[in-house]
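Q: Sending over input_13.pdb (PDB, C-alpha atoms and all ligand atoms).
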ATOM      1  CA  MET B  75     -13.911  -6.839  17.195
ATOM      2  CA  ARG B  76     -12.096  -3.540  17.060
ATOM      3  CA  LYS B  77     -14.008  -0.291  17.423
ATOM      4  CA  LYS B  78     -13.849   2.831  15.348
ATOM      5  CA  ILE B  79     -12.334   5.796  17.170
ATOM      6  CA  VAL B  80     -12.286   9.497  16.408
ATOM      7  CA  ALA B  81      -9.936  11.423  18.685
ATOM      8  CA  GLY B  82      -9.357  15.173  18.743
ATOM      9  CA  ASN B  83      -5.867  16.316  19.660
ATOM     10  CA  TRP B  84      -6.276  19.926  20.748
ATOM     11  CA  LYS B  85      -2.524  20.438  21.172
ATOM     12  CA  MET B  86      -1.522  23.755  22.816
ATOM     13  CA  ASN B  87      -4.787  25.483  21.912
ATOM     14  CA  ASN B  88      -7.823  26.787  23.787
ATOM     15  CA  ASN B  89      -8.011  28.467  27.175
ATOM     16  CA  LYS B  90     -10.198  27.150  29.973
ATOM     17  CA  ARG B  91     -13.383  28.775  28.706
ATOM     18  CA  GLU B  92     -12.805  27.757  25.097
ATOM     19  CA  THR B  93     -12.149  24.183  26.147
ATOM     20  CA  ALA B  94     -15.395  24.103  28.136
ATOM     21  CA  GLU B  95     -17.344  25.595  25.226
ATOM     22  CA  LEU B  96     -15.983  23.034  22.803
ATOM     23  CA  ILE B  97     -16.890  20.161  25.104
ATOM     24  CA  GLN B  98     -20.386  21.542  25.689
ATOM     25  CA  ALA B  99     -20.881  21.835  21.936
ATOM     26  CA  LEU B 100     -19.805  18.220  21.388
ATOM     27  CA  LYS B 101     -21.764  16.705  24.268
ATOM     28  CA  PRO B 102     -25.201  16.521  22.628
ATOM     29  CA  LEU B 103     -23.785  14.620  19.686
ATOM     30  CA  ASN B 104     -25.294  11.200  19.037
ATOM     31  CA  PHE B 105     -22.924   8.639  17.694
ATOM     32  CA  SER B 106     -23.019   4.907  17.170
ATOM     33  CA  THR B 107     -22.160   2.555  20.018
ATOM     34  CA  ASP B 108     -19.491   1.084  17.710
ATOM     35  CA  LEU B 109     -17.653   4.386  17.781
ATOM     36  CA  ARG B 110     -15.519   5.886  20.543
ATOM     37  CA  VAL B 111     -14.977   9.645  20.630
ATOM     38  CA  MET B 112     -12.032  11.103  22.530
ATOM     39  CA  VAL B 113     -10.670  14.576  23.156
ATOM     40  CA  ALA B 114      -7.191  15.535  24.323
ATOM     41  CA  PRO B 115      -7.158  18.979  25.975
ATOM     42  CA  ALA B 116      -4.080  20.602  27.487
ATOM     43  CA  PHE B 117      -2.973  19.311  30.910
ATOM     44  CA  THR B 118      -4.382  22.403  32.622
ATOM     45  CA  HIS B 119      -7.894  21.602  31.400
ATOM     46  CA  LEU B 120      -8.012  17.848  31.987
ATOM     47  CA  VAL B 121      -9.808  18.045  35.340
ATOM     48  CA  GLN B 122     -12.446  20.323  33.905
ATOM     49  CA  ALA B 123     -12.797  18.177  30.778
ATOM     50  CA  GLU B 124     -13.197  15.035  32.860
ATOM     51  CA  GLU B 125     -15.957  16.704  34.901
ATOM     52  CA  LEU B 126     -17.754  18.196  31.901
ATOM     53  CA  THR B 127     -17.818  14.910  29.988
ATOM     54  CA  GLN B 128     -19.395  12.966  32.867
ATOM     55  CA  GLY B 129     -22.652  11.444  31.675
ATOM     56  CA  SER B 130     -21.569  11.564  28.036
ATOM     57  CA  ARG B 131     -19.665   9.012  25.950
ATOM     58  CA  ILE B 132     -16.874  11.469  25.208
ATOM     59  CA  GLU B 133     -13.587  10.163  26.624
ATOM     60  CA  VAL B 134     -10.736  12.401  27.761
ATOM     61  CA  LEU B 135      -7.087  11.655  27.181
ATOM     62  CA  ALA B 136      -3.799  13.400  27.896
ATOM     63  CA  GLN B 137      -1.429  14.502  25.141
ATOM     64  CA  ASN B 138       1.729  13.238  26.799
ATOM     65  CA  MET B 139       3.231  12.022  30.078
ATOM     66  CA  ASN B 140       6.649  11.341  31.558
ATOM     67  CA  ALA B 141       8.110   7.834  31.757
ATOM     68  CA  ALA B 142       9.273   8.252  35.360
ATOM     69  CA  GLU B 143       7.043   7.457  38.315
ATOM     70  CA  SER B 144       7.872  10.729  40.111
ATOM     71  CA  GLY B 145      10.831  12.880  41.002
ATOM     72  CA  ALA B 146      12.889  15.866  39.944
ATOM     73  CA  PHE B 147      11.484  16.450  36.455
ATOM     74  CA  THR B 148      10.418  20.082  36.528
ATOM     75  CA  GLY B 149       7.422  20.784  34.357
ATOM     76  CA  GLU B 150       6.556  17.156  33.740
ATOM     77  CA  ILE B 151       3.398  15.138  34.444
ATOM     78  CA  SER B 152       3.363  11.513  35.599
ATOM     79  CA  ALA B 153       1.018   8.633  34.879
ATOM     80  CA  ALA B 154       0.030   8.555  38.566
ATOM     81  CA  MET B 155      -0.951  12.234  38.400
ATOM     82  CA  LEU B 156      -3.149  11.565  35.393
ATOM     83  CA  SER B 157      -4.693   8.520  37.037
ATOM     84  CA  SER B 158      -5.418  10.513  40.172
ATOM     85  CA  ILE B 159      -7.713  12.838  38.203
ATOM     86  CA  GLY B 160      -9.410   9.965  36.393
ATOM     87  CA  ILE B 161      -7.434  10.127  33.152
ATOM     88  CA  GLN B 162      -6.571   6.603  32.016
ATOM     89  CA  LYS B 163      -5.618   7.337  28.416
ATOM     90  CA  VAL B 164      -2.678   9.109  26.854
ATOM     91  CA  ILE B 165      -1.290   9.983  23.433
ATOM     92  CA  LEU B 166       2.358   8.941  23.142
ATOM     93  CA  GLY B 167       4.862   9.563  20.392
ATOM     94  CA  HIS B 168       3.158  12.371  18.528
ATOM     95  CA  SER B 169       5.442  13.603  15.738
ATOM     96  CA  GLU B 170       5.612  17.063  17.350
ATOM     97  CA  ARG B 171       6.943  15.479  20.533
ATOM     98  CA  ARG B 172       9.441  13.510  18.464
ATOM     99  CA  ALA B 173      10.516  16.578  16.459
ATOM    100  CA  TYR B 174      10.649  19.258  19.188
ATOM    101  CA  TYR B 175      11.279  17.268  22.381
ATOM    102  CA  ASN B 176      13.615  14.584  21.093
ATOM    103  CA  GLU B 177      11.324  11.661  21.747
ATOM    104  CA  THR B 178      12.581   8.494  20.107
ATOM    105  CA  ASP B 179      11.145   5.032  19.744
ATOM    106  CA  ALA B 180      13.543   3.881  22.444
ATOM    107  CA  SER B 181      12.456   6.584  24.906
ATOM    108  CA  LEU B 182       8.829   6.013  23.980
ATOM    109  CA  LYS B 183       9.184   2.395  24.918
ATOM    110  CA  GLY B 184       9.795   3.594  28.486
ATOM    111  CA  LYS B 185       6.674   5.736  28.406
ATOM    112  CA  VAL B 186       4.633   2.839  27.037
ATOM    113  CA  THR B 187       5.863   0.581  29.848
ATOM    114  CA  THR B 188       4.980   3.142  32.507
ATOM    115  CA  ALA B 189       1.560   3.894  31.035
ATOM    116  CA  LEU B 190       0.715   0.191  30.864
ATOM    117  CA  SER B 191       1.850  -0.349  34.433
ATOM    118  CA  HIS B 192      -0.782   2.240  35.392
ATOM    119  CA  ASP B 193      -3.358   0.385  33.310
ATOM    120  CA  MET B 194      -3.605   3.266  30.878
ATOM    121  CA  GLU B 195      -4.753   3.016  27.305
ATOM    122  CA  ILE B 196      -2.281   4.428  24.783
ATOM    123  CA  VAL B 197      -2.814   6.140  21.441
ATOM    124  CA  PHE B 198       0.612   5.478  19.966
ATOM    125  CA  CYS B 199       1.580   7.806  17.090
ATOM    126  CA  PHE B 200       4.162   7.064  14.436
ATOM    127  CA  GLY B 201       4.721   7.699  10.747
ATOM    128  CA  GLU B 202       7.318   8.607   8.188
ATOM    129  CA  GLU B 203       8.661  12.014   7.165
ATOM    130  CA  LEU B 204       8.392  13.419   3.661
ATOM    131  CA  ASP B 205      11.904  12.513   2.512
ATOM    132  CA  GLN B 206      11.372   8.964   3.760
ATOM    133  CA  ARG B 207       8.155   8.682   1.774
ATOM    134  CA  LYS B 208       9.868  10.133  -1.299
ATOM    135  CA  SER B 209      12.769   7.728  -1.056
ATOM    136  CA  GLY B 210      10.401   4.792  -0.661
ATOM    137  CA  SER B 211      11.582   3.858   2.840
ATOM    138  CA  HIS B 212       8.252   4.597   4.547
ATOM    139  CA  PHE B 213       7.339   0.952   5.152
ATOM    140  CA  GLU B 214      10.746   0.247   6.676
ATOM    141  CA  VAL B 215      10.529   3.365   8.882
ATOM    142  CA  VAL B 216       7.123   2.406  10.222
ATOM    143  CA  LYS B 217       8.254  -1.159  10.817
ATOM    144  CA  THR B 218      11.236   0.010  12.871
ATOM    145  CA  GLN B 219       9.096   2.448  14.873
ATOM    146  CA  LEU B 220       6.630  -0.271  15.818
ATOM    147  CA  GLU B 221       9.235  -2.946  16.450
ATOM    148  CA  THR B 222      11.308  -0.708  18.712
ATOM    149  CA  ALA B 223       8.515   0.739  20.796
ATOM    150  CA  LEU B 224       5.836  -1.941  20.859
ATOM    151  CA  PHE B 225       6.856  -5.380  19.676
ATOM    152  CA  ASP B 226       8.117  -6.467  23.097
ATOM    153  CA  LEU B 227       4.606  -6.174  24.479
ATOM    154  CA  SER B 228       2.639  -9.263  25.408
ATOM    155  CA  PRO B 229      -0.580 -10.014  23.497
ATOM    156  CA  GLU B 230      -2.532  -9.029  26.645
ATOM    157  CA  GLN B 231      -0.811  -5.643  26.777
ATOM    158  CA  TRP B 232      -1.886  -4.953  23.196
ATOM    159  CA  SER B 233      -5.483  -4.679  24.393
ATOM    160  CA  LYS B 234      -4.427  -1.244  25.712
ATOM    161  CA  ILE B 235      -2.847  -0.066  22.458
ATOM    162  CA  ILE B 236      -4.499   2.078  19.798
ATOM    163  CA  LEU B 237      -2.257   2.861  16.842
ATOM    164  CA  ALA B 238      -2.276   6.206  15.034
ATOM    165  CA  TYR B 239      -0.436   6.240  11.732
ATOM    166  CA  GLU B 240       0.373   9.888  11.063
ATOM    167  CA  PRO B 241       2.628  10.589   8.089
ATOM    168  CA  VAL B 242       4.541  13.664   9.227
ATOM    169  CA  TRP B 243       4.170  15.315   5.814
ATOM    170  CA  ALA B 244       0.393  15.305   6.248
ATOM    171  CA  ILE B 245       0.203  16.837   9.740
ATOM    172  CA  GLY B 246      -1.077  20.398   9.745
ATOM    173  CA  THR B 247      -0.010  20.807   6.125
ATOM    174  CA  GLY B 248      -3.374  20.447   4.450
ATOM    175  CA  GLU B 249      -1.879  17.584   2.492
ATOM    176  CA  THR B 250      -3.628  14.311   3.302
ATOM    177  CA  ALA B 251      -2.548  10.830   2.399
ATOM    178  CA  SER B 252      -4.946   9.549  -0.241
ATOM    179  CA  PRO B 253      -7.410   6.939   0.993
ATOM    180  CA  GLU B 254      -5.394   4.390  -0.997
ATOM    181  CA  GLN B 255      -2.094   5.443   0.620
ATOM    182  CA  ALA B 256      -3.689   5.242   4.069
ATOM    183  CA  GLN B 257      -5.215   1.826   3.359
ATOM    184  CA  GLU B 258      -1.944   0.498   1.948
ATOM    185  CA  MET B 259       0.003   1.484   5.062
ATOM    186  CA  HIS B 260      -2.699   0.379   7.501
ATOM    187  CA  ALA B 261      -2.911  -3.048   5.841
ATOM    188  CA  TYR B 262       0.880  -3.275   6.070
ATOM    189  CA  ILE B 263       0.817  -2.359   9.784
ATOM    190  CA  ARG B 264      -1.823  -5.002  10.439
ATOM    191  CA  SER B 265       0.243  -7.575   8.554
ATOM    192  CA  LEU B 266       3.283  -6.717  10.694
ATOM    193  CA  ILE B 267       1.288  -7.344  13.867
ATOM    194  CA  ALA B 268      -0.100 -10.570  12.409
ATOM    195  CA  SER B 269       3.363 -11.887  11.615
ATOM    196  CA  LYS B 270       4.811 -10.920  14.989
ATOM    197  CA  TYR B 271       1.747 -12.096  16.968
ATOM    198  CA  ASP B 272      -1.240 -13.544  15.100
ATOM    199  CA  GLN B 273      -4.098 -12.521  12.843
ATOM    200  CA  THR B 274      -6.659 -12.459  15.648
ATOM    201  CA  LEU B 275      -4.597  -9.944  17.589
ATOM    202  CA  ALA B 276      -3.905  -7.910  14.439
ATOM    203  CA  ASP B 277      -7.624  -7.786  13.668
ATOM    204  CA  SER B 278      -8.416  -6.563  17.173
ATOM    205  CA  ILE B 279      -6.229  -3.433  17.007
ATOM    206  CA  SER B 280      -7.747  -0.081  16.044
ATOM    207  CA  ILE B 281      -5.438   1.702  13.612
ATOM    208  CA  LEU B 282      -6.279   5.391  13.223
ATOM    209  CA  TYR B 283      -5.088   7.678  10.465
ATOM    210  CA  GLY B 284      -4.000  11.233  11.275
ATOM    211  CA  GLY B 285      -2.933  14.137   9.100
ATOM    212  CA  SER B 286      -5.132  16.920   7.744
ATOM    213  CA  ILE B 287      -8.418  15.078   8.145
ATOM    214  CA  LYS B 288     -11.303  17.437   7.442
ATOM    215  CA  PRO B 289     -15.057  16.991   7.034
ATOM    216  CA  ALA B 290     -14.507  16.876   3.253
ATOM    217  CA  ASN B 291     -12.065  13.961   3.228
ATOM    218  CA  ALA B 292     -12.978  12.046   6.410
ATOM    219  CA  SER B 293     -15.478   9.565   5.028
ATOM    220  CA  ALA B 294     -13.267   8.536   2.081
ATOM    221  CA  ILE B 295     -10.419   7.754   4.482
ATOM    222  CA  PHE B 296     -12.580   6.176   7.197
ATOM    223  CA  SER B 297     -14.276   3.873   4.680
ATOM    224  CA  GLN B 298     -11.010   2.041   3.967
ATOM    225  CA  SER B 299     -11.154  -1.447   5.442
ATOM    226  CA  ASP B 300      -8.045  -1.154   7.611
ATOM    227  CA  VAL B 301      -8.643   2.439   8.731
ATOM    228  CA  ASP B 302     -10.481   2.452  12.049
ATOM    229  CA  GLY B 303     -10.968   6.180  12.483
ATOM    230  CA  GLY B 304      -8.723   9.167  12.937
ATOM    231  CA  LEU B 305      -6.632  11.389  15.150
ATOM    232  CA  ILE B 306      -7.668  14.918  14.282
ATOM    233  CA  GLY B 307      -5.692  18.085  14.973
ATOM    234  CA  GLY B 308      -6.755  21.394  13.422
ATOM    235  CA  ALA B 309     -10.263  20.322  12.437
ATOM    236  CA  ALA B 310     -10.969  19.122  15.986
ATOM    237  CA  LEU B 311     -10.779  22.705  17.248
ATOM    238  CA  LYS B 312     -14.081  23.656  15.603
ATOM    239  CA  ALA B 313     -17.122  21.914  17.039
ATOM    240  CA  GLU B 314     -18.899  21.936  13.690
ATOM    241  CA  ASP B 315     -16.004  20.360  11.789
ATOM    242  CA  PHE B 316     -15.159  17.850  14.495
ATOM    243  CA  SER B 317     -18.837  16.840  14.751
ATOM    244  CA  ALA B 318     -18.998  16.341  10.991
ATOM    245  CA  ILE B 319     -15.869  14.172  11.113
ATOM    246  CA  ILE B 320     -17.352  12.115  13.963
ATOM    247  CA  GLN B 321     -20.520  11.606  11.933
ATOM    248  CA  SER B 322     -18.437  10.377   8.976
ATOM    249  CA  ALA B 323     -16.856   7.553  10.982
TER     250      ALA B 323
HETATM  251  P1  LIG Q 401      -3.874  17.812  11.758
HETATM  252  O1  LIG Q 401      -3.096  17.150  12.973
HETATM  253  O2  LIG Q 401      -5.222  17.139  11.679
HETATM  254  O3  LIG Q 401      -3.962  19.276  12.091
HETATM  255  O4  LIG Q 401      -3.058  17.551  10.536
HETATM  256  C1  LIG Q 401      -3.172  15.767  13.219
HETATM  257  C2  LIG Q 401      -2.366  15.435  14.445
HETATM  258  O5  LIG Q 401      -1.364  16.125  14.705
HETATM  259  O6  LIG Q 401      -2.683  14.492  15.167
END
Please go through the file and, once you have read it, give me the structure as structure tokens.

A:
Amino acid sequence: MRKKIVAGNWKMNNNKRETAELIQALKPLNFSTDLRVMVAPAFTHLVQAEELTQGSRIEVLAQNMNAAESGAFTGEISAAMLSSIGIQKVILGHSERRAYYNETDASLKGKVTTALSHDMEIVFCFGEELDQRKSGSHFEVVKTQLETALFDLSPEQWSKIILAYEPVWAIGTGETASPEQAQEMHAYIRSLIASKYDQTLADSISILYGGSIKPANASAIFSQSDVDGGLIGGAALKAEDFSAIIQSA
């Protein structure tokens, strides 16, 4: 059965010392064996994070990677580089990558293929923008995102996929989808997987919600039957808030 997951996406925040302090503050936390806790520091701090989390159940993931195996891609990081420092998980398709670095579902498909060929687990982000929600096309948008990037995968490959539904209008805006809106979309996503594959596979996939989750709203969202945890941005930067969110899962 699928596990609950709370993942902190630290984005381009925290220097080396701040990253270490945050990890040290999170390490003593006790959380259920049914829950996985992950943190995504900047590339420069991954080695340190991997070392500091040894002996704890906190898992470290990268925020991005390049689709190519190696080569002339100045400033980029490959799956093999991540693997070589013990990082076997990566966030792909975050809306900031889509908005500022032109990532598309088609290009993300390449990244997914490469990550899977390195046996990496993927937190795949997707979600509609505000005008798409307002015009009522949000279900169609999400369907296309998933179909383009992920629906060529084999059932076996899906064991490496964690979905993160992140409505763009809720990211860093303080505006959260209501628990009902999150549940409605998550149930829809699960039904899409069930009709493309089967119900057993659909029921095995963790679908996280992301977008302005805070200690005050986490438990209402996490208690929805198709919401399996969250991808947390701003609130994951404060140990106290992130700990409270973890305890709500
Ligand atoms: P937020 O970010 O929690 O600050 O809205 C979520 C995310 O970008 O994953």

Q: Provide an axis-aligned box for all listed atoms of ligand LIG 401 (chain Q), padding each side by 8 Å; report its centre and its edge lengths in Å to one decimal, as AutoDock Vina command-line options.

A:
--center_x -3.3 --center_y 16.9 --center_z 12.9 --size_x 19.9 --size_y 20.8 --size_z 20.6

Q: For ligand LIG 401 (chain Q), which of B:Leu224, B:Met139, B:Ala309, B:Ile279 is the closest residue, counting all atoms listed in the file?

A: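 Using all atoms listed in the file, the shortest distance to ligand LIG 401 (chain Q) belongs to B:Ala309.
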
Q: Expand the PyMOL selection byres (((not hetatm)) within 9 of (chain Q and resi 401)) into the individual residues it matches in the shown file, reporting them as a ChimeraX atom specification.

A: /B:81-85,168-170,199,238,240,242-250,283-288,304-310

Q: Suppose we keep C-alpha atoms; can you now write the selection as a CSV table (one decimal), in the frame of the given file?

A:
chain,number,residue,atom,x,y,z
B,81,ALA,CA,-9.9,11.4,18.7
B,82,GLY,CA,-9.4,15.2,18.7
B,83,ASN,CA,-5.9,16.3,19.7
B,84,TRP,CA,-6.3,19.9,20.7
B,85,LYS,CA,-2.5,20.4,21.2
B,168,HIS,CA,3.2,12.4,18.5
B,169,SER,CA,5.4,13.6,15.7
B,170,GLU,CA,5.6,17.1,17.4
B,199,CYS,CA,1.6,7.8,17.1
B,238,ALA,CA,-2.3,6.2,15.0
B,240,GLU,CA,0.4,9.9,11.1
B,242,VAL,CA,4.5,13.7,9.2
B,243,TRP,CA,4.2,15.3,5.8
B,244,ALA,CA,0.4,15.3,6.2
B,245,ILE,CA,0.2,16.8,9.7
B,246,GLY,CA,-1.1,20.4,9.7
B,247,THR,CA,0.0,20.8,6.1
B,248,GLY,CA,-3.4,20.4,4.4
B,249,GLU,CA,-1.9,17.6,2.5
B,250,THR,CA,-3.6,14.3,3.3
B,283,TYR,CA,-5.1,7.7,10.5
B,284,GLY,CA,-4.0,11.2,11.3
B,285,GLY,CA,-2.9,14.1,9.1
B,286,SER,CA,-5.1,16.9,7.7
B,287,ILE,CA,-8.4,15.1,8.1
B,288,LYS,CA,-11.3,17.4,7.4
B,304,GLY,CA,-8.7,9.2,12.9
B,305,LEU,CA,-6.6,11.4,15.2
B,306,ILE,CA,-7.7,14.9,14.3
B,307,GLY,CA,-5.7,18.1,15.0
B,308,GLY,CA,-6.8,21.4,13.4
B,309,ALA,CA,-10.3,20.3,12.4
B,310,ALA,CA,-11.0,19.1,16.0

Q: Need to verify the contact set: Asp226 in chain B, 12 Å, all atoms listed in the file, exclusion of same-chain residues closer than 5 positions in sequence. Can you return it as an MDAnalysis selection string?

A: chainID B and resid 180 183:184 186:187 220:221 231:232 267 270:271

Q: With the file shown as input, list the residues that the PyMOL selection byres (((chain B and resi 259-261) around 8) and not hetatm) selects, as an mmCIF file with C-alpha atoms, in the frame of the given file.

A:
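Okay, this is what ended up in expr34.cif:
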data_model
loop_
_atom_site.group_PDB
_atom_site.id
_atom_site.type_symbol
_atom_site.label_atom_id
_atom_site.label_comp_id
_atom_site.auth_asym_id
_atom_site.auth_seq_id
_atom_site.Cartn_x
_atom_site.Cartn_y
_atom_site.Cartn_z
ATOM 1 C CA PHE B 213 7.339 0.952 5.152
ATOM 2 C CA TYR B 239 -0.436 6.240 11.732
ATOM 3 C CA GLN B 255 -2.094 5.443 0.620
ATOM 4 C CA ALA B 256 -3.689 5.242 4.069
ATOM 5 C CA GLN B 257 -5.215 1.826 3.359
ATOM 6 C CA GLU B 258 -1.944 0.498 1.948
ATOM 7 C CA TYR B 262 0.880 -3.275 6.070
ATOM 8 C CA ILE B 263 0.817 -2.359 9.784
ATOM 9 C CA ARG B 264 -1.823 -5.002 10.439
ATOM 10 C CA SER B 265 0.243 -7.575 8.554
ATOM 11 C CA ILE B 281 -5.438 1.702 13.612
ATOM 12 C CA ASP B 300 -8.045 -1.154 7.611
ATOM 13 C CA VAL B 301 -8.643 2.439 8.731
#

Q: List the spatial neighbours of Ala223 in chain B as a list in words - criterion: any atom at most 12 Å away, all atoms listed in the file, same-chain residues fewer than 5 positions off excluded.

A: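 Contacts, in chain order: Leu166, Gly167, Glu177, Thr178, Asp179, Ala180, Ser181, Leu182, Lys183, Gly184, Lys185, Val186, Thr187, Phe198, Cys199, Phe200, Val216, Lys217, Thr218, Ile235 and Leu237 of chain B.
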
Q: Just to confirm, what's the straight-line distance from CA of Glu214 in chain B to CA of Val197 in chain B in Å (one decimal)?

A: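 About the pair CA of Glu214 in chain B and CA of Val197 in chain B: they are 20.9 Å apart.
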
Q: If I take CA of Glu195 in chain B and CA of Val111 in chain B, how far is one from the other in Å, to one decimal?

A: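 So the two atoms, CA of Glu195 in chain B and CA of Val111 in chain B, lie 13.9 Å apart.
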
Q: With distances taken over only C-alpha atoms, which residue among B:Ile151, B:Leu266, B:Met194, B:Ala292 lies nearest Thr118 in chain B?

A: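 The shortest atom-to-atom distance to Thr118 in chain B comes from B:Ile151.
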
Q: Figure out the distance between CA of Asn104 in chain B and CA of Ser157 in chain B, please, to one decimal in Å.

A: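 We find that CA of Ser157 in chain B and CA of Asn104 in chain B lie 27.5 Å from each other.
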
Q: Please determine, counting all atoms listed in the file, which residue among B:Ser211, B:Arg131, B:Leu96, B:Leu126 has the shortest atom-to-atom distance to Phe316 in chain B.

A: B:Leu96

Q: So that I can check the surroundings of Thr93 in chain B, please list as a list in words every protein, DNA and RNA residue that reaches within 9 Å of it, counting all atoms listed in the file and ignoring chain neighbours fewer than 5 positions away.

A: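 In the requested format, the answer is Asn87, Asn88, Gln98, Pro115, Ala116, His119, Gln122 and Ala123 of chain B.
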
Q: Pick the closest to Val164 in chain B from B:Thr188, B:Asn138, B:Asn176, B:Thr127: which is it, counting all atoms listed in the file?

A: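 Closest candidate: B:Asn138.
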
Q: Between B:Asp277, B:Glu95, B:Asp272, B:Asp108, which residue has the minimum interatomic distance to Ile320 in chain B, considering all atoms listed in the file?

A: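 Residue with the minimum atom-to-atom distance to Ile320 in chain B: B:Asp108.
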